[in-house]
Structure formats: structure tokens, C-alpha cells
file structure-v9.txt (compact mmCIF, C-alpha atoms)
# COMPACT_ATOMS: atom_id res chain seq x y z
CA MET A 9 -14.37 -0.68 24.20
CA PHE A 10 -14.79 2.62 22.35
CA GLU A 11 -18.55 2.54 21.76
CA ASN A 12 -19.50 4.63 24.78
CA LEU A 13 -16.77 7.26 24.56
CA PRO A 14 -17.91 10.88 24.11
CA VAL A 15 -17.41 12.12 20.54
CA PRO A 16 -14.51 14.51 21.35
CA ILE A 17 -12.60 11.77 23.19
CA LEU A 18 -13.36 9.29 20.39
CA PHE A 19 -11.85 11.62 17.81
CA GLY A 20 -8.93 12.29 20.17
CA VAL A 21 -8.15 8.57 20.45
CA PHE A 22 -8.40 8.26 16.67
CA PHE A 23 -5.99 11.17 16.21
CA VAL A 24 -3.44 9.78 18.70
CA ALA A 25 -3.50 6.38 16.99
CA CYS A 26 -3.00 8.02 13.60
CA MET A 27 -0.06 10.08 14.87
CA ALA A 28 1.56 7.01 16.44
CA VAL A 29 1.39 5.20 13.11
CA VAL A 30 2.64 8.17 11.08
CA LEU A 31 5.55 9.11 13.37
CA SER A 32 6.68 5.50 13.57
CA SER A 33 6.65 5.30 9.79
CA ILE A 34 8.88 8.39 9.47
CA LYS A 35 11.56 6.73 11.59
CA ALA A 36 11.03 3.44 9.76
CA THR A 37 11.83 5.07 6.40
CA ARG A 38 15.33 6.06 7.48
CA LEU A 39 15.94 2.63 8.99
CA ALA A 40 14.71 0.86 5.84
CA ASP A 41 17.24 2.76 3.73
CA ILE A 42 20.05 1.86 6.17
CA ILE A 43 18.98 -1.79 6.17
CA ALA A 44 18.91 -1.75 2.36
CA ASP A 45 22.49 -0.43 2.25
CA ARG A 46 23.94 -2.74 4.92
CA THR A 47 22.31 -5.90 3.61
CA LYS A 48 23.03 -4.96 -0.05
CA MET A 49 19.33 -5.53 -0.77
CA GLY A 50 18.87 -2.36 -2.82
CA GLU A 51 16.32 0.41 -2.48
CA ALA A 52 13.61 -1.07 -4.71
CA MET A 53 13.58 -4.44 -2.94
CA ALA A 54 13.79 -2.82 0.50
CA GLY A 55 10.94 -0.51 -0.41
CA GLY A 56 8.81 -3.35 -1.71
CA LEU A 57 9.46 -5.99 0.95
CA ILE A 58 10.62 -4.29 4.16
CA LEU A 59 9.16 -0.80 4.09
CA GLY A 60 6.07 -1.68 2.06
CA GLY A 61 5.14 -4.59 4.31
CA ALA A 62 5.83 -2.77 7.57
CA THR A 63 3.86 0.35 6.76
CA SER A 64 0.96 -1.85 5.61
CA LEU A 65 0.66 -3.56 8.99
CA ALA A 66 -1.84 -1.10 10.44
CA GLY A 67 -4.08 -1.65 7.42
CA VAL A 68 -4.04 -5.43 7.66
CA VAL A 69 -4.96 -5.20 11.33
CA VAL A 70 -7.98 -3.05 10.39
CA SER A 71 -9.18 -5.48 7.69
CA VAL A 72 -8.72 -8.62 9.81
CA ASP A 73 -10.42 -7.05 12.82
CA ALA A 74 -13.36 -6.00 10.63
CA ALA A 75 -13.63 -9.49 9.11
CA LEU A 76 -13.58 -11.09 12.55
CA GLY A 77 -16.48 -8.80 13.42
CA GLY A 78 -18.42 -10.05 10.38
CA ASP A 79 -18.22 -6.83 8.35
CA ALA A 80 -16.99 -8.08 4.97
CA SER A 81 -17.51 -4.74 3.22
CA PHE A 82 -15.43 -2.87 5.80
CA ALA A 83 -12.60 -5.42 5.53
CA PHE A 84 -12.59 -5.51 1.71
CA SER A 85 -12.98 -1.78 1.09
CA ASN A 86 -10.23 -0.95 3.58
CA ALA A 87 -7.85 -3.21 1.63
CA VAL A 88 -8.63 -2.12 -1.93
CA GLY A 89 -9.27 1.51 -0.92
CA GLY A 90 -5.82 1.60 0.63
CA ILE A 91 -4.25 0.38 -2.62
CA ALA A 92 -5.97 3.18 -4.55
CA ALA A 93 -4.97 5.81 -1.96
CA GLN A 94 -1.35 4.70 -1.88
CA THR A 95 -1.08 4.78 -5.67
CA LEU A 96 -2.42 8.33 -5.51
CA PHE A 97 0.44 9.23 -3.17
CA LEU A 98 2.94 8.71 -5.99
CA ALA A 99 1.11 11.36 -7.99
CA LEU A 100 1.37 13.70 -4.98
CA ALA A 101 5.07 12.88 -4.64
CA ASP A 102 5.53 13.71 -8.32
CA THR A 103 4.32 17.25 -7.61
CA ILE A 104 7.12 17.87 -5.06
CA TYR A 105 9.92 16.37 -7.16
CA LYS A 106 10.59 19.38 -9.35
CA LYS A 107 13.58 18.16 -11.36
CA VAL A 108 11.70 15.80 -13.68
CA ASN A 109 8.76 13.41 -13.76
CA LEU A 110 9.22 11.00 -10.82
CA GLU A 111 8.45 7.94 -12.96
CA HIS A 112 11.22 8.95 -15.36
CA ALA A 113 13.86 9.41 -12.67
CA ALA A 114 13.00 6.25 -10.70
CA ALA A 115 13.61 3.81 -13.56
CA GLU A 116 13.95 0.33 -12.04
CA PRO A 117 13.09 -3.12 -13.50
CA THR A 118 11.99 -4.44 -10.10
CA ASN A 119 9.31 -1.78 -9.78
CA LEU A 120 8.00 -2.60 -13.24
CA PHE A 121 7.72 -6.27 -12.42
CA GLN A 122 5.99 -5.55 -9.12
CA GLY A 123 3.50 -3.34 -10.96
CA VAL A 124 2.61 -6.24 -13.27
CA MET A 125 2.46 -8.55 -10.27
CA LEU A 126 0.04 -6.19 -8.52
CA ILE A 127 -2.35 -6.17 -11.49
CA VAL A 128 -2.29 -9.99 -11.56
CA LEU A 129 -3.00 -10.21 -7.82
CA LEU A 130 -5.86 -7.68 -8.00
CA SER A 131 -7.43 -9.57 -10.89
CA MET A 132 -7.79 -12.71 -8.77
CA PRO A 133 -10.48 -11.34 -6.41
CA LEU A 134 -12.32 -10.12 -9.50
CA CYS A 135 -12.31 -13.68 -10.86
CA ALA A 136 -13.53 -14.95 -7.49
CA LEU A 137 -16.41 -12.47 -7.51
CA ALA A 138 -17.48 -13.64 -10.98
CA GLY A 139 -17.13 -17.32 -10.08
CA PRO A 140 -19.19 -19.67 -7.89
CA ASP A 141 -19.77 -18.94 -4.21
CA VAL A 142 -17.63 -21.69 -2.69
CA ALA A 143 -15.57 -21.90 0.48
CA TYR A 144 -13.63 -24.73 2.06
CA PHE A 145 -13.25 -24.40 5.83
CA GLY A 146 -14.62 -20.89 5.33
CA VAL A 147 -11.90 -19.88 2.84
CA HIS A 148 -12.37 -19.31 -0.90
CA PRO A 149 -9.82 -21.21 -3.07
CA ILE A 150 -8.72 -17.95 -4.73
CA SER A 151 -7.29 -16.78 -1.39
CA VAL A 152 -4.90 -19.74 -1.35
CA ILE A 153 -3.95 -19.12 -4.98
CA LEU A 154 -3.44 -15.40 -4.32
CA PHE A 155 -1.15 -16.13 -1.38
CA LEU A 156 0.95 -18.61 -3.36
CA ALA A 157 1.10 -16.22 -6.32
CA TYR A 158 2.36 -13.47 -4.00
CA LEU A 159 5.15 -15.71 -2.66
CA TYR A 160 6.15 -16.71 -6.18
CA GLY A 161 6.11 -13.08 -7.29
CA VAL A 162 8.36 -12.03 -4.41
CA GLY A 163 10.88 -14.67 -5.46
CA VAL A 164 10.83 -13.51 -9.06
CA SER A 165 11.13 -9.86 -7.92
CA SER A 166 14.25 -10.76 -5.98
CA ASN A 167 15.72 -12.46 -9.03
CA VAL A 168 14.87 -9.45 -11.23
CA ALA A 169 16.65 -7.20 -8.73
CA GLU A 170 19.76 -9.38 -8.54
CA ASN A 171 19.99 -10.53 -12.17
CA PRO A 172 18.06 -8.11 -14.39
CA MET A 173 17.68 -9.21 -18.00
CA TRP A 174 17.40 -5.61 -19.16
CA LYS A 175 18.13 -2.14 -17.81
CA PRO A 176 16.40 1.19 -18.41
CA VAL A 177 18.10 3.79 -20.55
CA GLN A 178 20.19 6.05 -18.33
CA THR A 179 19.56 9.76 -18.85
CA SER A 180 20.84 12.86 -17.11
CA ASP A 181 17.70 12.79 -14.97
CA THR A 182 17.82 9.12 -13.96
CA ARG A 183 18.54 8.71 -10.27
CA GLU A 184 20.43 5.49 -9.42
CA ASP A 185 20.38 3.65 -6.10
CA GLU A 186 23.44 5.00 -4.28
CA PRO A 187 24.12 3.56 -0.79
CA GLU A 188 24.45 6.19 1.90
CA ASP A 189 26.20 3.95 4.41
CA ASP A 190 29.45 3.50 2.48
CA ALA A 191 31.47 5.29 5.13
CA GLU A 192 30.95 2.28 7.41
CA PRO A 193 30.23 -0.61 5.02
CA ASP A 194 30.94 -3.36 7.57
CA LYS A 195 28.51 -2.17 10.23
CA SER A 196 25.91 -4.72 11.31
CA ALA A 197 22.27 -4.39 10.27
CA ARG A 198 21.11 -5.96 13.55
CA GLY A 199 20.58 -2.70 15.45
CA PRO A 200 18.52 -0.99 12.74
CA ILE A 201 16.50 -4.19 12.24
CA LEU A 202 15.62 -4.44 15.95
CA ARG A 203 14.56 -0.78 16.08
CA PHE A 204 12.57 -1.31 12.90
CA VAL A 205 10.71 -4.26 14.50
CA GLY A 206 9.82 -2.09 17.51
CA LEU A 207 8.34 0.56 15.24
CA VAL A 208 6.36 -2.10 13.38
CA ALA A 209 4.80 -3.17 16.70
CA ILE A 210 3.66 0.40 17.34
CA MET A 211 2.13 0.57 13.86
CA GLY A 212 0.22 -2.65 14.47
CA ALA A 213 -1.19 -1.43 17.79
CA GLY A 214 -2.22 1.84 16.16
CA GLY A 215 -3.98 -0.10 13.41
CA TRP A 216 -6.07 -2.02 15.94
CA VAL A 217 -7.23 1.19 17.61
CA ILE A 218 -8.06 2.73 14.22
CA SER A 219 -10.13 -0.35 13.33
CA GLN A 220 -12.10 -0.21 16.56
CA VAL A 221 -12.81 3.50 16.22
CA GLY A 222 -13.72 3.05 12.53
CA GLY A 223 -16.29 0.43 13.48
CA THR A 224 -17.71 2.85 16.02
CA PHE A 225 -18.03 5.52 13.31
CA ILE A 226 -20.14 3.10 11.24
CA THR A 227 -22.59 2.32 14.03
CA ARG A 228 -22.75 5.71 15.74
CA PHE A 229 -22.96 7.98 12.69
CA GLY A 230 -24.80 5.65 10.33
CA LEU A 231 -22.02 5.63 7.72
CA THR A 232 -21.67 2.80 5.19
CA SER A 233 -18.92 0.26 5.72
CA SER A 234 -17.64 0.92 2.20
CA LEU A 235 -17.29 4.66 2.80
CA VAL A 236 -15.53 4.25 6.15
CA GLY A 237 -13.28 1.51 4.81
CA SER A 238 -12.29 3.12 1.51
CA LEU A 239 -12.07 6.80 2.46
CA ILE A 240 -11.41 6.93 6.21
CA THR A 241 -9.53 3.94 7.60
CA ALA A 242 -7.89 3.11 4.25
CA VAL A 243 -6.55 6.64 3.88
CA VAL A 244 -5.54 6.95 7.53
CA THR A 245 -3.71 3.63 7.64
CA SER A 246 -2.08 4.56 4.33
CA LEU A 247 -0.65 7.81 5.73
CA PRO A 248 2.63 6.03 6.60
CA GLU A 249 3.05 5.33 2.89
CA LEU A 250 2.43 9.01 2.12
CA VAL A 251 4.93 10.13 4.73
CA THR A 252 7.59 7.58 3.79
CA THR A 253 7.14 8.35 0.10
CA LEU A 254 7.53 12.11 0.56
CA VAL A 255 10.47 11.67 2.94
CA ALA A 256 12.17 9.24 0.55
CA VAL A 257 11.66 11.57 -2.43
CA ARG A 258 13.08 14.55 -0.53
CA ARG A 259 16.11 12.44 0.44
CA GLY A 260 16.57 11.42 -3.19
CA ALA A 261 15.75 7.73 -2.59
CA LEU A 262 13.39 7.59 -5.56
CA GLN A 263 13.49 3.82 -6.13
CA LEU A 264 12.72 3.35 -2.44
CA ALA A 265 9.73 5.71 -2.76
CA VAL A 266 8.23 4.04 -5.83
CA GLY A 267 9.12 0.54 -4.64
CA GLY A 268 7.57 1.25 -1.23
CA ILE A 269 4.24 2.14 -2.81
CA ILE A 270 4.07 -0.64 -5.40
CA GLY A 271 5.53 -3.24 -3.05
CA GLY A 272 3.25 -2.08 -0.25
CA ASN A 273 0.28 -2.42 -2.58
CA THR A 274 1.22 -5.97 -3.56
CA PHE A 275 1.51 -6.80 0.14
CA ASP A 276 -1.89 -5.17 0.71
CA THR A 277 -3.54 -7.78 -1.51
CA LEU A 278 -2.77 -10.21 1.31
CA PHE A 279 -5.25 -8.20 3.42
CA LEU A 280 -7.90 -9.97 1.37
CA VAL A 281 -6.40 -13.38 2.10
CA ALA A 282 -6.18 -12.71 5.82
CA SER A 283 -9.68 -11.20 5.85
CA ASP A 284 -11.16 -14.19 4.02
CA VAL A 285 -9.62 -16.50 6.61
CA ALA A 286 -10.92 -14.32 9.46
CA TYR A 287 -14.42 -13.99 7.96
CA ARG A 288 -16.36 -17.03 9.20
CA ASP A 289 -19.61 -16.66 7.25
CA GLY A 290 -18.34 -18.09 3.95
CA SER A 291 -16.51 -16.46 1.08
CA LEU A 292 -15.51 -12.86 1.78
CA TYR A 293 -15.63 -12.11 -1.94
CA HIS A 294 -19.32 -12.96 -2.19
CA ALA A 295 -20.32 -10.93 0.85
CA ILE A 296 -19.31 -7.50 -0.46
CA GLY A 297 -21.26 -4.83 -2.33
CA THR A 298 -20.91 -3.04 -5.65
CA SER A 299 -19.12 -0.07 -4.03
CA ASP A 300 -16.36 -2.39 -2.85
CA LEU A 301 -16.08 -3.87 -6.34
CA TYR A 302 -15.81 -0.34 -7.75
CA TRP A 303 -12.77 0.36 -5.57
CA LEU A 304 -11.18 -2.89 -6.74
CA GLY A 305 -11.57 -1.73 -10.34
CA THR A 306 -10.18 1.68 -9.39
CA GLY A 307 -7.07 0.05 -7.93
CA ILE A 308 -6.49 -2.00 -11.08
CA LEU A 309 -7.00 1.04 -13.32
CA MET A 310 -4.67 3.30 -11.33
CA THR A 311 -1.97 0.63 -11.20
CA SER A 312 -2.21 0.15 -14.97
CA VAL A 313 -1.80 3.90 -15.53
CA LEU A 314 1.19 4.00 -13.16
CA LEU A 315 2.82 1.06 -14.93
CA ALA A 316 2.33 2.78 -18.29
CA GLY A 317 4.01 5.89 -16.88
CA LEU A 318 6.98 3.87 -15.59
CA ILE A 319 7.42 2.34 -19.05
CA ALA A 320 6.89 5.53 -21.10
CA ARG A 321 9.12 7.61 -18.75
CA GLN A 322 7.84 11.01 -19.83
CA ARG A 323 10.21 13.73 -18.65
CA ARG A 324 7.53 16.37 -18.09
CA GLY A 325 3.80 16.69 -18.55
CA PRO A 326 0.96 19.05 -17.52
CA GLY A 327 1.91 21.25 -14.59
CA GLY A 328 5.44 19.86 -14.52
CA ILE A 329 4.28 16.34 -13.60
CA GLY A 330 3.65 13.24 -15.69
CA VAL A 331 0.43 12.63 -17.61
CA GLU A 332 0.05 9.43 -15.57
CA SER A 333 0.04 11.46 -12.35
CA VAL A 334 -2.72 13.72 -13.68
CA ALA A 335 -4.71 10.64 -14.73
CA MET A 336 -4.29 8.94 -11.34
CA LEU A 337 -5.48 12.08 -9.55
CA ALA A 338 -8.55 12.26 -11.80
CA ILE A 339 -9.38 8.56 -11.39
CA TYR A 340 -9.14 8.65 -7.60
CA LEU A 341 -11.12 11.87 -7.17
CA THR A 342 -13.85 10.51 -9.44
CA ALA A 343 -14.08 7.31 -7.40
CA ALA A 344 -14.20 9.29 -4.14
CA PHE A 345 -16.96 11.54 -5.52
CA PHE A 346 -19.16 8.60 -6.45
CA GLU A 347 -18.50 6.93 -3.09
CA VAL A 348 -19.68 10.00 -1.19
CA PHE A 349 -22.42 11.28 -3.47
CA GLY A 350 -23.30 8.26 -5.63
call {"tool": "encode", "arguments": {"input": "structure-v9.txt", "output": "C-alpha cells"}}
result
Amino acid sequence: MFENLPVPILFGVFFVACMAVVLSSIKATRLADIIADRTKMGEAMAGGLILGGATSLAGVVVSVDAALGGDASFAFSNAVGGIAAQTLFLALADTIYKKVNLEHAAAEPTNLFQGVMLIVLLSMPLCALAGPDVAYFGVHPISVILFLAYLYGVGVSSNVAENPMWKPVQTSDTREDEPEDDAEPDKSARGPILRFVGLVAIMGAGGWVISQVGGTFITRFGLTSSLVGSLITAVVTSLPELVTTLVAVRRGALQLAVGGIIGGNTFDTLFLVASDVAYRDGSLYHAIGTSDLYWLGTGILMTSVLLAGLIARQRRGPGGIGVESVAMLAIYLTAAFFEVFG
């Protein structure tokens, strides 16, 4: 569909699709906060389940479309590259929140649990890669386990949010989840939810266009699937997370910002499940290259550093941001350097 388009028009289509996804995500952030207040869900859970899942839709469309086309590396690298990019966005958000280290102010048990959950989910594909090359009906058993583990983790996250067994120490810099809709507490959430669903549809359509154009970049310009997946489509489809994170931080919804990233990343592991189902040539995990595996390791490492920062809760570090933010920036830039020049 896009293969024969002139280069300027091809880039124009790519830009329009990106803008559609980003602008929809800006509106979705405000709606997610309203939904969180009216349903009494809380910012961290809304960020992880509603906002995180919705803004990840464009990315899952890219990975599934690539897998259906038989490009396992493109599908896999888009998923794990997006997780690394989105984790980086928290470091960028930390630079604009001047009061204190973002991880200190956004203390929330739910986000800690989801960080642990993300590391567990990312470890599963690593186990699959090291194990035998098996597939039943074209699907590796680890994909089924990963999906079930995600569902179980969501249930536990909800329980942690509703009945926490411990709470972080409150300091003068800790920002608590304060509903903004208290003036009209009995208003229905139906309207915001319907508008939110419409925006999600736009994000999904934008993701399909981005996938098609990304595939054209691979064939027309001779780029590797890993490079396009991890540094082009992964970053582009992750821009909603960047926008929603920065908007949420500026509005003071810090738990929503952190929860949106971590929760979105846990949802992004399901890209691998969906891609393995869509990939019809056997196990997706045994059809990828070392570059894709490198990005998987990068995602695990960055998540571990973020989790350590959320636990340590340093008030200030180098340049007014946390040490974990500096480390995440260094890890990501190193991975990107080796992807481009390695």
C-alpha cells in the first residue's frame, strides 16, 4: 500500500500518523485522570491499566502486523525497544520536575509491585530463548505462561492498591493521589470512558500506518529490522507515553505518570504473546537475532534500576535528578549507540 509512494509523501504519511497518535494520547491523559477519580480506581491503577494499555495500542498493532508479515525481529524489537524507550521517559520527566527526585515524590506500593512484575514478565522470553525450540499450534508455551502471569499480576496489583500491607514514609516532598473531580463526585464516568475509547481507536489506526511505513523503511532503505523496530517504530509508538508522562507530571499527577510507564511496560510484554500467535513459522523467540536479545536485556536492566530508585527514594542526585535517572539515560544511550554503530 505504501511501497510505491514517493519518499516525501511516505515521510508525510508517517508524520501524520505519529501526530494522530500523540494528540490522541494528550486528550487521553486528562480523561484517564477523570476516570480514575470518578471510579475511585486511583492514579497508579488507572495509569497502569487504563492509560498504560491504551497508549500501548499503537505499539501492539505494529508488532502484530510485523509478525503476520513474517518479520520476527521487527515484531520483537519493537516490543522490547518500546519498553526501554518508555522507561527512559521517566528519566526525562525527572528532569522537568524540579521540586525533588520524581521517584521520591511518587511513592506508591502499586508501582513497586508492577516494577517487580515487569522484571518477571521480561525474564520469561529470556528463558524461552535459552530453552528448546518448541511450538504447539505455532505458539511457544512461554507465551501462554506469560499471558496468565500478566493476568495474575494485574489481580495482585489491584489488591495491593486497595489493601496495601505497607505504606511509604510520607515526607514533605511526597505527592499523594488527590482526586480533582471532588466538586462533582457523583458524575458518571460513562462519558469520559466513551470518549477515551474513541481516542484509543485513533491510536490503533495510527499504529497500523506506522507499522506499514516502518516495513517500507526496511525494504526501501536497507535498514535492519532490529534498528527500525527498536529505534524508530518503538520510539514513535512510545511517544504517547512520553507526552502523557510529561503532561501528568506538569499537572502534579505523579503516581499516574510513573504508573502509566510501568503499567504500560507490563502491558507491552503482551506484544510478545500476540506476536508469537501471529507469527506462523514457529516460535517467535527462536527466530530473532542477538540485537533483539540485547534490547531485552536493556529493558530488564533499566527496569531494575528504576525499581531500585523507587525503593531508595533519593531526594536529589546529579544535576538535580536521581542517580537512577542518570543511570537509565546512560544505559539507553549505550544500547542505542551499539545498535546503530555496532
call {"tool": "closest_atom_pairs", "arguments": {"input": "structure-v9.txt", "of": "stretch 201-314 of chain A", "to": "stretch 67-74 of chain A", "cutoff": "6 Å", "atoms": "all atoms listed in the file", "output": "Markdown table"}}
result
| residue | atom | partner | partner_atom | distance |
| --- | --- | --- | --- | --- |
| A:Gly215 | CA | A:Val69 | CA | 5.6 |
| A:Trp216 | CA | A:Val69 | CA | 5.7 |
| A:Ser219 | CA | A:Val70 | CA | 4.5 |
| A:Thr245 | CA | A:Gly67 | CA | 5.3 |
| A:Phe279 | CA | A:Val68 | CA | 5.2 |
| A:Ser283 | CA | A:Val72 | CA | 4.8 |
call {"tool": "write_last_selection", "arguments": {"input": "structure-v9.txt", "atoms": "C-alpha atoms", "output": "mmCIF file, in the coordinates of the input"}}
result
data_model
loop_
_atom_site.group_PDB
_atom_site.id
_atom_site.type_symbol
_atom_site.label_atom_id
_atom_site.label_comp_id
_atom_site.auth_asym_id
_atom_site.auth_seq_id
_atom_site.Cartn_x
_atom_site.Cartn_y
_atom_site.Cartn_z
ATOM 1 C CA GLY A 215 -3.980 -0.100 13.410
ATOM 2 C CA TRP A 216 -6.070 -2.020 15.940
ATOM 3 C CA SER A 219 -10.130 -0.350 13.330
ATOM 4 C CA THR A 245 -3.710 3.630 7.640
ATOM 5 C CA PHE A 279 -5.250 -8.200 3.420
ATOM 6 C CA SER A 283 -9.680 -11.200 5.850
#
call {"tool": "atom_distance", "arguments": {"input": "structure-v9.txt", "atom1": "atom CA of A:Ala36", "atom2": "atom CA of A:Ile58"}}
result
9.6 Å
call {"tool": "residues_around", "arguments": {"input": "structure-v9.txt", "residues": "A:Ile339", "least_positions_apart": "3", "cutoff": "8 Å", "atoms": "all atoms listed in the file", "output": "PyMOL selection string"}}
result
chain A and resi 306+310+335-336+342-343
call {"tool": "residues_near_point", "arguments": {"input": "structure-v9.txt", "point": "(10.2, 16.4, -18.2)", "cutoff": "12 Å", "atoms": "all atoms listed in the file", "output": "VMD selection string"}}
result
chain A and resid 102 105 to 113 179 to 182 320 to 331
call {"tool": "residues_around", "arguments": {"input": "structure-v9.txt", "residues": "stretch 127-134 of chain A", "least_positions_apart": "5", "cutoff": "8 Å", "atoms": "only C-alpha atoms", "output": "JSON, numbers by chain"}}
result
{"A": [150, 154, 157, 158, 274, 277, 293, 301, 304, 307, 308, 311, 312]}
call {"tool": "closest_residue", "arguments": {"input": "structure-v9.txt", "among": "A:Gly272, A:Gly212, A:Gly297, A:Gly223", "to": "A:Ser32", "atoms": "only C-alpha atoms"}}
result
A:Gly212
call {"tool": "atom_distance", "arguments": {"input": "structure-v9.txt", "atom1": "atom CA of A:Gly90", "atom2": "atom CA of A:Thr241"}}
result
8.2 Å
call {"tool": "atom_distance", "arguments": {"input": "structure-v9.txt", "atom1": "atom CA of A:Leu18", "atom2": "atom CA of A:Arg228"}}
result
11.1 Å
call {"tool": "residues_around", "arguments": {"input": "structure-v9.txt", "residues": "A:Ala25", "least_positions_apart": "6", "cutoff": "8 Å", "atoms": "only C-alpha atoms", "output": "JSON, numbers by chain"}}
result
{"A": [214, 215, 217, 218]}
call {"tool": "closest_residue", "arguments": {"input": "structure-v9.txt", "among": "A:Val221, A:Val236, A:Ala338, A:Ile201", "to": "A:Gly20", "atoms": "all atoms listed in the file"}}
result
A:Val221
call {"tool": "axis_aligned_box", "arguments": {"input": "structure-v9.txt", "around": "stretch 194-202 of chain A", "padding_each_side": "8 Å", "output": "lines of an AutoDock Vina configuration file"}}
result
center_x = 23.3
center_y = -3.5
center_z = 11.8
size_x = 31.3
size_y = 21.0
size_z = 24.4
call {"tool": "closest_atom_pairs", "arguments": {"input": "structure-v9.txt", "of": "stretch 241-299 of chain A", "to": "stretch 121-125 of chain A", "cutoff": "9 Å", "atoms": "only C-alpha atoms", "output": "CSV"}}
result
residue,atom,partner,partner_atom,distance
A:Gly267,CA,A:Gln122,CA,8.2
A:Ile270,CA,A:Gly123,CA,6.2
A:Gly271,CA,A:Gln122,CA,6.5
A:Thr274,CA,A:Met125,CA,7.3
